[in-house]
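Structure file run.cif (mmCIF, C-alpha atoms) follows.
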data_structure
loop_
_atom_site.group_PDB
_atom_site.id
_atom_site.type_symbol
_atom_site.label_atom_id
_atom_site.label_comp_id
_atom_site.auth_asym_id
_atom_site.auth_seq_id
_atom_site.Cartn_x
_atom_site.Cartn_y
_atom_site.Cartn_z
ATOM 1 C CA MET I 295 -20.501 -1.714 -21.343
ATOM 2 C CA GLY I 296 -17.138 -2.632 -19.762
ATOM 3 C CA HIS I 297 -15.264 -0.108 -17.668
ATOM 4 C CA GLY I 298 -12.446 0.243 -20.214
ATOM 5 C CA ALA I 299 -14.914 0.930 -23.022
ATOM 6 C CA ASP I 300 -16.725 3.394 -20.790
ATOM 7 C CA LEU I 301 -13.493 5.293 -20.175
ATOM 8 C CA GLN I 302 -12.885 5.515 -23.920
ATOM 9 C CA ARG I 303 -16.423 6.805 -24.458
ATOM 10 C CA ARG I 304 -15.972 9.415 -21.752
ATOM 11 C CA ARG I 305 -12.676 10.565 -23.261
ATOM 12 C CA ARG I 306 -14.365 11.063 -26.621
ATOM 13 C CA ALA I 307 -17.190 12.919 -24.913
ATOM 14 C CA GLY I 308 -14.705 15.218 -23.155
ATOM 15 C CA ASP I 309 -15.650 14.184 -19.621
ATOM 16 C CA PRO I 310 -13.687 16.725 -17.508
ATOM 17 C CA LEU I 311 -12.921 14.157 -14.826
ATOM 18 C CA VAL I 312 -11.113 12.039 -17.421
ATOM 19 C CA THR I 313 -9.646 14.714 -19.703
ATOM 20 C CA GLY I 314 -9.704 17.739 -17.361
ATOM 21 C CA ARG I 315 -6.907 19.415 -15.457
ATOM 22 C CA TYR I 316 -5.063 17.438 -12.765
ATOM 23 C CA GLY I 317 -3.709 19.055 -9.614
ATOM 24 C CA TYR I 318 -0.924 17.647 -7.453
ATOM 25 C CA ILE I 319 -0.126 18.890 -3.945
ATOM 26 C CA GLY I 320 3.109 17.684 -2.317
ATOM 27 C CA LEU I 321 6.186 17.024 -4.468
ATOM 28 C CA GLY I 322 8.355 15.037 -2.061
ATOM 29 C CA ASN I 323 10.065 11.681 -2.484
ATOM 30 C CA MET I 324 6.798 9.998 -3.499
ATOM 31 C CA GLY I 325 4.741 12.886 -4.806
ATOM 32 C CA ALA I 326 7.301 14.190 -7.283
ATOM 33 C CA PRO I 327 7.756 10.969 -9.291
ATOM 34 C CA MET I 328 4.002 10.306 -9.196
ATOM 35 C CA ALA I 329 3.208 13.813 -10.437
ATOM 36 C CA ARG I 330 5.916 13.625 -13.092
ATOM 37 C CA ARG I 331 4.052 10.776 -14.757
ATOM 38 C CA LEU I 332 0.984 13.021 -15.057
ATOM 39 C CA LEU I 333 2.721 15.758 -17.051
ATOM 40 C CA ASP I 334 1.503 14.495 -20.416
ATOM 41 C CA ARG I 335 -2.126 13.926 -19.446
ATOM 42 C CA PRO I 336 -4.840 15.770 -21.438
ATOM 43 C CA GLY I 337 -5.931 18.935 -19.684
ATOM 44 C CA GLY I 338 -2.564 19.721 -18.139
ATOM 45 C CA LEU I 339 -1.054 19.571 -14.678
ATOM 46 C CA THR I 340 -1.015 22.125 -11.857
ATOM 47 C CA VAL I 341 1.367 21.600 -8.938
ATOM 48 C CA LEU I 342 1.955 22.947 -5.455
ATOM 49 C CA ASP I 343 4.740 22.507 -2.934
ATOM 50 C CA THR I 344 6.116 24.736 -0.204
ATOM 51 C CA ARG I 345 9.636 24.383 -1.669
ATOM 52 C CA PRO I 346 10.304 26.366 -4.868
ATOM 53 C CA GLU I 347 13.087 23.978 -5.857
ATOM 54 C CA ALA I 348 10.565 21.127 -5.960
ATOM 55 C CA VAL I 349 8.209 23.058 -8.225
ATOM 56 C CA THR I 350 10.727 24.462 -10.725
ATOM 57 C CA PRO I 351 11.359 21.226 -12.686
ATOM 58 C CA PHE I 352 7.622 20.818 -13.206
ATOM 59 C CA VAL I 353 7.164 24.356 -14.485
ATOM 60 C CA GLU I 354 10.081 23.832 -16.853
ATOM 61 C CA ALA I 355 8.346 20.673 -18.101
ATOM 62 C CA GLY I 356 5.103 22.514 -18.811
ATOM 63 C CA ALA I 357 3.126 22.335 -15.563
ATOM 64 C CA LYS I 358 1.556 25.354 -13.921
ATOM 65 C CA ALA I 359 2.537 26.365 -10.376
ATOM 66 C CA THR I 360 0.120 27.761 -7.788
ATOM 67 C CA SER I 361 0.576 29.370 -4.395
ATOM 68 C CA SER I 362 -2.152 27.633 -2.358
ATOM 69 C CA PRO I 363 -4.423 24.573 -2.309
ATOM 70 C CA ALA I 364 -7.378 26.891 -2.942
ATOM 71 C CA GLU I 365 -5.804 28.351 -6.074
ATOM 72 C CA LEU I 366 -4.964 24.880 -7.351
ATOM 73 C CA ALA I 367 -8.380 23.368 -6.625
ATOM 74 C CA ALA I 368 -10.200 26.232 -8.347
ATOM 75 C CA GLU I 369 -8.930 25.077 -11.732
ATOM 76 C CA CYS I 370 -8.572 21.299 -11.314
ATOM 77 C CA ASP I 371 -11.012 18.408 -11.649
ATOM 78 C CA ILE I 372 -8.892 15.840 -9.810
ATOM 79 C CA VAL I 373 -6.549 16.787 -6.967
ATOM 80 C CA SER I 374 -3.953 14.380 -5.574
ATOM 81 C CA VAL I 375 -2.499 15.057 -2.121
ATOM 82 C CA THR I 376 0.788 13.536 -0.932
ATOM 83 C CA VAL I 377 1.819 15.290 2.273
ATOM 84 C CA LEU I 378 3.261 14.123 5.579
ATOM 85 C CA ASP I 379 0.462 13.297 8.017
ATOM 86 C CA ASP I 380 -3.131 13.776 9.183
ATOM 87 C CA THR I 381 -2.522 17.365 10.306
ATOM 88 C CA GLN I 382 -1.126 18.410 6.946
ATOM 89 C CA VAL I 383 -3.910 16.611 5.075
ATOM 90 C CA ARG I 384 -6.537 18.401 7.159
ATOM 91 C CA ASP I 385 -4.871 21.739 6.497
ATOM 92 C CA VAL I 386 -4.653 21.120 2.747
ATOM 93 C CA VAL I 387 -8.287 20.006 2.505
ATOM 94 C CA THR I 388 -10.202 22.048 5.081
ATOM 95 C CA GLY I 389 -7.791 24.843 6.072
ATOM 96 C CA PRO I 390 -8.591 28.542 5.527
ATOM 97 C CA ASP I 391 -6.909 28.422 2.115
ATOM 98 C CA GLY I 392 -7.631 24.746 1.534
ATOM 99 C CA VAL I 393 -9.076 22.766 -1.324
ATOM 100 C CA LEU I 394 -12.636 22.995 -0.021
ATOM 101 C CA SER I 395 -12.606 26.775 -0.112
ATOM 102 C CA SER I 396 -12.606 26.807 -3.911
ATOM 103 C CA ALA I 397 -13.178 23.312 -5.366
ATOM 104 C CA ARG I 398 -16.168 22.939 -7.666
ATOM 105 C CA PRO I 399 -18.841 20.278 -7.031
ATOM 106 C CA GLY I 400 -17.799 17.082 -8.782
ATOM 107 C CA THR I 401 -14.111 17.484 -7.986
ATOM 108 C CA VAL I 402 -12.324 14.360 -6.749
ATOM 109 C CA VAL I 403 -9.704 14.791 -4.025
ATOM 110 C CA ALA I 404 -7.396 11.786 -3.643
ATOM 111 C CA VAL I 405 -5.303 11.511 -0.485
ATOM 112 C CA HIS I 406 -2.241 9.329 -1.079
ATOM 113 C CA SER I 407 -0.714 9.996 2.355
ATOM 114 C CA THR I 408 -1.008 7.182 4.887
ATOM 115 C CA ILE I 409 -3.304 8.683 7.511
ATOM 116 C CA SER I 410 -5.852 7.385 10.010
ATOM 117 C CA ASP I 411 -8.840 5.722 8.385
ATOM 118 C CA THR I 412 -11.087 7.755 10.702
ATOM 119 C CA THR I 413 -9.542 10.964 9.370
ATOM 120 C CA ALA I 414 -10.286 9.849 5.818
ATOM 121 C CA VAL I 415 -13.919 9.081 6.648
ATOM 122 C CA GLU I 416 -14.372 12.367 8.522
ATOM 123 C CA LEU I 417 -12.889 14.464 5.710
ATOM 124 C CA ALA I 418 -14.911 12.570 3.099
ATOM 125 C CA GLU I 419 -18.122 13.436 4.950
ATOM 126 C CA ILE I 420 -17.170 17.114 5.073
ATOM 127 C CA CYS I 421 -16.297 17.097 1.368
ATOM 128 C CA ALA I 422 -19.516 15.287 0.444
ATOM 129 C CA SER I 423 -21.532 18.119 1.971
ATOM 130 C CA ARG I 424 -19.967 20.366 -0.703
ATOM 131 C CA GLY I 425 -20.531 17.906 -3.552
ATOM 132 C CA ILE I 426 -16.873 16.845 -3.593
ATOM 133 C CA ASP I 427 -15.591 13.265 -3.472
ATOM 134 C CA LEU I 428 -12.632 12.645 -1.184
ATOM 135 C CA VAL I 429 -11.066 9.219 -1.620
ATOM 136 C CA ASP I 430 -8.290 7.649 0.417
ATOM 137 C CA ALA I 431 -5.736 6.188 -1.972
ATOM 138 C CA PRO I 432 -2.496 5.252 -0.187
ATOM 139 C CA VAL I 433 0.209 3.659 -2.306
ATOM 140 C CA SER I 434 2.708 0.846 -1.917
ATOM 141 C CA GLY I 435 5.898 0.308 -3.844
ATOM 142 C CA GLY I 436 8.137 3.122 -2.649
ATOM 143 C CA ALA I 437 9.961 5.736 -4.700
ATOM 144 C CA PRO I 438 11.191 3.176 -7.288
ATOM 145 C CA GLY I 439 7.596 2.105 -7.942
ATOM 146 C CA ALA I 440 6.518 5.731 -8.260
ATOM 147 C CA LYS I 441 9.343 6.495 -10.687
ATOM 148 C CA ASN I 442 8.595 3.447 -12.839
ATOM 149 C CA GLY I 443 4.819 3.786 -12.723
ATOM 150 C CA THR I 444 4.452 0.408 -11.016
ATOM 151 C CA LEU I 445 2.905 1.388 -7.688
ATOM 152 C CA ALA I 446 -0.050 -0.394 -6.121
ATOM 153 C CA VAL I 447 -2.838 1.993 -5.104
ATOM 154 C CA MET I 448 -5.464 0.913 -2.566
ATOM 155 C CA VAL I 449 -8.557 3.060 -2.991
ATOM 156 C CA GLY I 450 -11.392 3.692 -0.563
ATOM 157 C CA ALA I 451 -14.158 5.281 -2.609
ATOM 158 C CA SER I 452 -17.694 5.028 -3.909
ATOM 159 C CA ASP I 453 -18.092 3.105 -7.163
ATOM 160 C CA ASP I 454 -18.625 6.362 -9.053
ATOM 161 C CA ALA I 455 -15.549 8.088 -7.612
ATOM 162 C CA PHE I 456 -13.411 5.014 -8.232
ATOM 163 C CA GLY I 457 -14.538 4.948 -11.849
ATOM 164 C CA ARG I 458 -13.346 8.516 -12.270
ATOM 165 C CA ILE I 459 -9.847 8.033 -10.855
ATOM 166 C CA GLU I 460 -8.949 4.490 -11.934
ATOM 167 C CA GLU I 461 -7.693 5.532 -15.360
ATOM 168 C CA PRO I 462 -5.573 8.547 -14.332
ATOM 169 C CA PHE I 463 -4.095 6.572 -11.428
ATOM 170 C CA GLY I 464 -2.814 4.173 -14.080
ATOM 171 C CA SER I 465 -0.270 6.836 -14.989
ATOM 172 C CA PHE I 466 1.734 6.051 -11.840
ATOM 173 C CA ALA I 467 0.422 2.622 -10.821
ATOM 174 C CA SER I 468 0.257 -0.784 -12.442
ATOM 175 C CA LEU I 469 -2.222 -2.080 -9.847
ATOM 176 C CA VAL I 470 -5.250 -0.028 -8.755
ATOM 177 C CA VAL I 471 -7.452 -1.864 -6.240
ATOM 178 C CA HIS I 472 -10.922 -0.738 -5.147
ATOM 179 C CA ALA I 473 -10.694 -1.753 -1.501
ATOM 180 C CA GLY I 474 -14.227 -0.641 -0.582
ATOM 181 C CA PRO I 475 -15.870 2.570 0.691
ATOM 182 C CA VAL I 476 -13.867 5.531 1.966
ATOM 183 C CA GLY I 477 -11.471 4.434 4.713
ATOM 184 C CA SER I 478 -10.942 0.994 3.178
ATOM 185 C CA GLY I 479 -7.879 2.032 1.198
ATOM 186 C CA THR I 480 -6.137 3.156 4.369
ATOM 187 C CA ARG I 481 -7.152 0.003 6.241
ATOM 188 C CA MET I 482 -5.709 -2.136 3.463
ATOM 189 C CA LYS I 483 -2.480 -0.113 3.505
ATOM 190 C CA LEU I 484 -2.164 -0.549 7.274
ATOM 191 C CA ALA I 485 -2.631 -4.322 6.931
ATOM 192 C CA ARG I 486 -0.056 -4.411 4.165
ATOM 193 C CA ASN I 487 2.441 -2.396 6.218
ATOM 194 C CA LEU I 488 1.784 -4.527 9.310
ATOM 195 C CA LEU I 489 3.171 -7.442 7.309
ATOM 196 C CA HIS I 490 5.973 -5.281 5.928
ATOM 197 C CA PHE I 491 7.395 -4.156 9.252
ATOM 198 C CA ILE I 492 6.815 -7.432 11.082
ATOM 199 C CA ALA I 493 8.811 -9.007 8.258
ATOM 200 C CA PHE I 494 11.560 -6.418 8.790
ATOM 201 C CA THR I 495 11.613 -7.311 12.480
ATOM 202 C CA ALA I 496 11.821 -10.997 11.587
ATOM 203 C CA ALA I 497 14.707 -10.172 9.254
ATOM 204 C CA THR I 498 16.634 -8.592 12.137
ATOM 205 C CA GLU I 499 16.032 -11.738 14.194
ATOM 206 C CA ALA I 500 17.337 -13.905 11.356
ATOM 207 C CA GLN I 501 20.405 -11.676 11.072
ATOM 208 C CA ARG I 502 21.165 -12.100 14.772
ATOM 209 C CA LEU I 503 20.993 -15.862 14.422
ATOM 210 C CA ALA I 504 23.209 -15.848 11.320
ATOM 211 C CA GLU I 505 25.744 -13.489 12.891
ATOM 212 C CA ALA I 506 25.965 -15.623 16.042
ATOM 213 C CA ALA I 507 26.574 -18.632 13.817
ATOM 214 C CA GLY I 508 29.553 -16.854 12.251
ATOM 215 C CA LEU I 509 27.874 -16.150 8.916
ATOM 216 C CA ASP I 510 28.191 -13.105 6.657
ATOM 217 C CA ILE I 511 24.811 -11.430 7.015
ATOM 218 C CA THR I 512 25.295 -9.418 3.816
ATOM 219 C CA GLU I 513 25.453 -12.716 1.928
ATOM 220 C CA LEU I 514 22.318 -13.844 3.762
ATOM 221 C CA GLY I 515 20.633 -10.673 2.519
ATOM 222 C CA LYS I 516 21.559 -11.552 -1.052
ATOM 223 C CA VAL I 517 19.975 -14.976 -0.660
ATOM 224 C CA VAL I 518 16.783 -13.552 0.864
ATOM 225 C CA ARG I 519 16.311 -10.972 -1.902
ATOM 226 C CA HIS I 520 17.090 -13.514 -4.601
ATOM 227 C CA THR I 521 14.706 -16.191 -3.384
ATOM 228 C CA ASP I 522 11.893 -13.786 -2.423
ATOM 229 C CA ALA I 523 11.973 -12.503 -6.001
ATOM 230 C CA ILE I 524 11.365 -16.093 -7.129
ATOM 231 C CA THR I 525 8.836 -17.275 -4.555
ATOM 232 C CA GLY I 526 6.975 -14.024 -3.908
ATOM 233 C CA GLY I 527 7.863 -13.932 -0.227
ATOM 234 C CA ALA I 528 4.983 -13.745 2.236
ATOM 235 C CA GLY I 529 2.530 -12.895 -0.540
ATOM 236 C CA ALA I 530 2.929 -16.437 -1.853
ATOM 237 C CA ILE I 531 0.433 -17.736 0.739
ATOM 238 C CA MET I 532 -2.084 -14.899 0.420
ATOM 239 C CA TRP I 533 -4.593 -16.482 -1.958
ATOM 240 C CA ARG I 534 -7.520 -17.426 0.289
ATOM 241 C CA ASP I 535 -10.662 -15.288 0.540
ATOM 242 C CA SER I 536 -11.145 -16.050 4.253
ATOM 243 C CA THR I 537 -9.002 -16.699 7.334
ATOM 244 C CA SER I 538 -11.427 -19.342 8.657
ATOM 245 C CA PRO I 539 -10.053 -22.823 9.434
ATOM 246 C CA LEU I 540 -9.934 -25.105 6.408
ATOM 247 C CA THR I 541 -11.751 -28.401 6.163
ATOM 248 C CA PRO I 542 -9.822 -31.445 4.906
ATOM 249 C CA GLU I 543 -11.998 -31.348 1.775
ATOM 250 C CA ASP I 544 -10.809 -27.853 0.869
ATOM 251 C CA SER I 545 -8.354 -27.827 -2.060
ATOM 252 C CA TRP I 546 -6.024 -25.570 -0.069
ATOM 253 C CA PHE I 547 -5.817 -27.994 2.876
ATOM 254 C CA PRO I 548 -3.136 -30.332 1.468
ATOM 255 C CA ILE I 549 -1.152 -27.375 0.108
ATOM 256 C CA PHE I 550 -1.052 -25.481 3.380
ATOM 257 C CA SER I 551 -0.547 -28.646 5.387
ATOM 258 C CA HIS I 552 2.601 -29.177 3.341
ATOM 259 C CA VAL I 553 3.672 -25.554 3.980
ATOM 260 C CA ARG I 554 3.054 -26.065 7.700
ATOM 261 C CA ALA I 555 5.114 -29.245 7.796
ATOM 262 C CA LEU I 556 8.081 -27.604 6.057
ATOM 263 C CA GLY I 557 7.764 -24.442 8.110
ATOM 264 C CA GLU I 558 7.515 -26.140 11.490
ATOM 265 C CA LYS I 559 10.484 -28.374 10.707
ATOM 266 C CA ASP I 560 12.699 -25.459 9.670
ATOM 267 C CA LEU I 561 11.530 -23.203 12.497
ATOM 268 C CA ALA I 562 12.257 -25.926 15.048
ATOM 269 C CA LEU I 563 15.736 -26.424 13.614
ATOM 270 C CA ALA I 564 16.403 -22.655 13.709
ATOM 271 C CA LEU I 565 15.176 -22.469 17.315
ATOM 272 C CA ASP I 566 17.452 -25.368 18.267
ATOM 273 C CA LEU I 567 20.395 -23.562 16.660
ATOM 274 C CA GLY I 568 19.489 -20.372 18.500
ATOM 275 C CA GLY I 569 19.322 -22.270 21.763
ATOM 276 C CA ARG I 570 22.809 -23.689 21.273
ATOM 277 C CA LEU I 571 24.159 -20.237 20.408
ATOM 278 C CA GLY I 572 22.351 -18.472 23.235
ATOM 279 C CA ILE I 573 20.269 -16.327 20.829
ATOM 280 C CA ASP I 574 16.676 -15.534 21.811
ATOM 281 C CA LEU I 575 14.296 -15.884 18.854
ATOM 282 C CA PRO I 576 10.874 -14.751 20.109
ATOM 283 C CA LEU I 577 9.347 -14.276 16.642
ATOM 284 C CA GLY I 578 10.586 -17.701 15.614
ATOM 285 C CA ALA I 579 9.018 -19.307 18.674
ATOM 286 C CA ARG I 580 5.743 -17.493 18.034
ATOM 287 C CA ALA I 581 5.798 -18.515 14.388
ATOM 288 C CA LEU I 582 6.257 -22.173 15.292
ATOM 289 C CA THR I 583 3.023 -22.241 17.285
ATOM 290 C CA ASP I 584 1.049 -19.834 15.070
ATOM 291 C CA LEU I 585 1.968 -20.905 11.546
ATOM 292 C CA GLY I 586 -0.426 -23.838 11.205
ATOM 293 C CA PRO I 587 -3.451 -22.150 12.800
ATOM 294 C CA GLY I 588 -2.759 -19.035 10.756
ATOM 295 C CA LEU I 589 -2.764 -21.103 7.571
ATOM 296 C CA GLY I 590 -6.073 -22.622 8.626
ATOM 297 C CA VAL I 591 -4.800 -26.173 9.083
ATOM 298 C CA GLY I 592 -4.134 -26.247 12.828
ATOM 299 C CA ILE I 593 -0.951 -26.788 14.779
ATOM 300 C CA GLY I 594 1.283 -29.506 13.392
ATOM 301 C CA GLU I 595 3.048 -32.481 14.919
ATOM 302 C CA VAL I 596 6.436 -30.790 15.230
ATOM 303 C CA ALA I 597 5.022 -27.787 17.091
ATOM 304 C CA GLN I 598 2.912 -30.023 19.342
ATOM 305 C CA THR I 599 5.876 -32.233 20.201
ATOM 306 C CA ARG I 600 8.092 -29.255 20.989
ATOM 307 C CA SER I 601 5.462 -27.618 23.195
ATOM 308 C CA ARG I 602 5.069 -30.838 25.213
ATOM 309 C CA LYS I 603 8.847 -30.929 25.818
ATOM 310 C CA GLU I 604 9.108 -27.336 27.001
ATOM 311 C CA PRO I 605 8.749 -26.702 30.744
ATOM 312 C CA ALA I 606 5.432 -25.253 31.884
#
Write out the structure in this file as structure tokens.
Amino acid sequence: MGHGADLQRRRRAGDPLVTGRYGYIGLGNMGAPMARRLLDRPGGLTVLDTRPEAVTPFVEAGAKATSSPAELAAECDIVSVTVLDDTQVRDVVTGPDGVLSSARPGTVVAVHSTISDTTAVELAEICASRGIDLVDAPVSGGAPGAKNGTLAVMVGASDDAFGRIEEPFGSFASLVVHAGPVGSGTRMKLARNLLHFIAFTAATEAQRLAEAAGLDITELGKVVRHTDAITGGAGAIMWRDSTSPLTPEDSWFPIFSHVRALGEKDLALALDLGGRLGIDLPLGARALTDLGPGLGVGIGEVAQTRSRKEPA
């Protein structure tokens, strides 16, 4: 039986982890729009936040408010947690008035906060001793994705726990990925955000070059956003299932060799422009030497030629 058919069967059977009450702790910039999309789920929604003004709109929409994680967990079958950091997650889960003090065996606790993967594993082990599944389920897509229900959720969980949360997570996400066992969701989020913030740093370097060249960097931003929406940005090269070097027989070899050739040419031209303008471009220089090897096709002719010309 396929997973979708299984979910339908479990709904008809009244499985509490599919049709039961949902609890949401943390109604901030991300938590509030995610929780809002759970208001119409079978079984109802219970919410908790330290700020009354965050809770009021949910109560007015039909949710129930509680005063502590323990009170919330006592009546919920799935509990989502979106708080600030590891310390707050620990307090919500294992604190004196935390989820573990009242949650029933079989409850699933999903941590959407980006925390340390070791914290997720440690808390999952503590929860497992009480018959509770803690899964790490960080999200990507920001507040707009949460509002529109188009987030990506990266889940670290057992197969059974993932099967129980995949469908309800679809209320606020259009992509739910089972990254592996507990801790894997956080590791995937950290890898994703590594790319995100390195790309931001590269964007600042590109802006410095454009500004020094007398260009309007707001117009450059328009071009970047426009073309990334067409090409997919950095994700456009992320199709391989391994980072090992490619053999010439591999179908990706000619494709990435072409990418390398274009990239090295344009990077070299940008570095030459930066040199004439007196603008240091350390990420650009690193990219020139690392692009080909990173793609699995080795350093290209342009990068080799440039490295031979540079003083030792």
Quick one: residues within 9 Å of segment 459-469 of chain I, only C-alpha atoms, excluding same-chain residues fewer than 6 positions away - as a ChimeraX atom specification? /I:298,301,311-312,327-332,335,372,402,404,433,439-448
Run the PyMOL selection byres ((chain I and resi 395-397) around 10) against the file shown and list the residues it catches, as number ranges by chain. I: 363-373, 387-394, 398-403, 421, 424-426
One decimal, Å: what's the distance from atom CA of Asp427 of chain I over to atom CA of Leu488 of chain I, could you say? 28.0 Å
Give me, please, the distance in Å between atom CA of Thr480 of chain I and atom CA of Asp430 of chain I, quoted to one decimal. 6.4 Å
Non-local contacts of segment 598-601 of chain I (10 Å; only C-alpha atoms; under 5 positions in same chain excluded) as a PyMOL selection string: chain I and resi 558+562+582-583+593+606
Atom pair atom CA of Thr541 of chain I / atom CA of Val591 of chain I: separation (Å): 7.9 Å
If you apply the PyMOL selection byres ((chain I and resi 577) around 12) to this file, what residues do you get, as a PyMOL selection string? chain I and resi 492-500+503+561+564-565+568+573-576+578-585
Tell me which protein, DNA and RNA residues are within 10 Å of Asp334 of chain I, counting all atoms listed in the file, leaving out same-chain ones fewer than 5 positions away, and put them as a PDB file with C-alpha atoms, in the coordinates of the input.
ATOM      1  CA  LEU I 339      -1.054  19.571 -14.678  1.00  0.00           C
ATOM      2  CA  ALA I 355       8.346  20.673 -18.101  1.00  0.00           C
ATOM      3  CA  GLY I 356       5.103  22.514 -18.811  1.00  0.00           C
ATOM      4  CA  ALA I 357       3.126  22.335 -15.563  1.00  0.00           C
ATOM      5  CA  SER I 465      -0.270   6.836 -14.989  1.00  0.00           C
TER       6      SER I 465
END
Using only C-alpha atoms, which of I:Val553, I:Leu571, I:Ala326, I:Leu540 sits nearest Pro438 of chain I?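 For Pro438 of chain I, the nearest of the candidates is I:Ala326.
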Here is a test: counting only C-alpha atoms, which residue of I:Gly557, I:Asp535, I:Ile409, I:Gly435 is nearest to His490 of chain I? I:Gly435
Padding 8 Å on every side, please: axis-aligned box over the listed atoms of segment 458-477 of chain I, centre and edge lengths to one decimal in Å, as JSON.
{"center_x": -7.1, "center_y": 3.2, "center_z": -5.3, "size_x": 33.6, "size_y": 26.6, "size_z": 36.1}
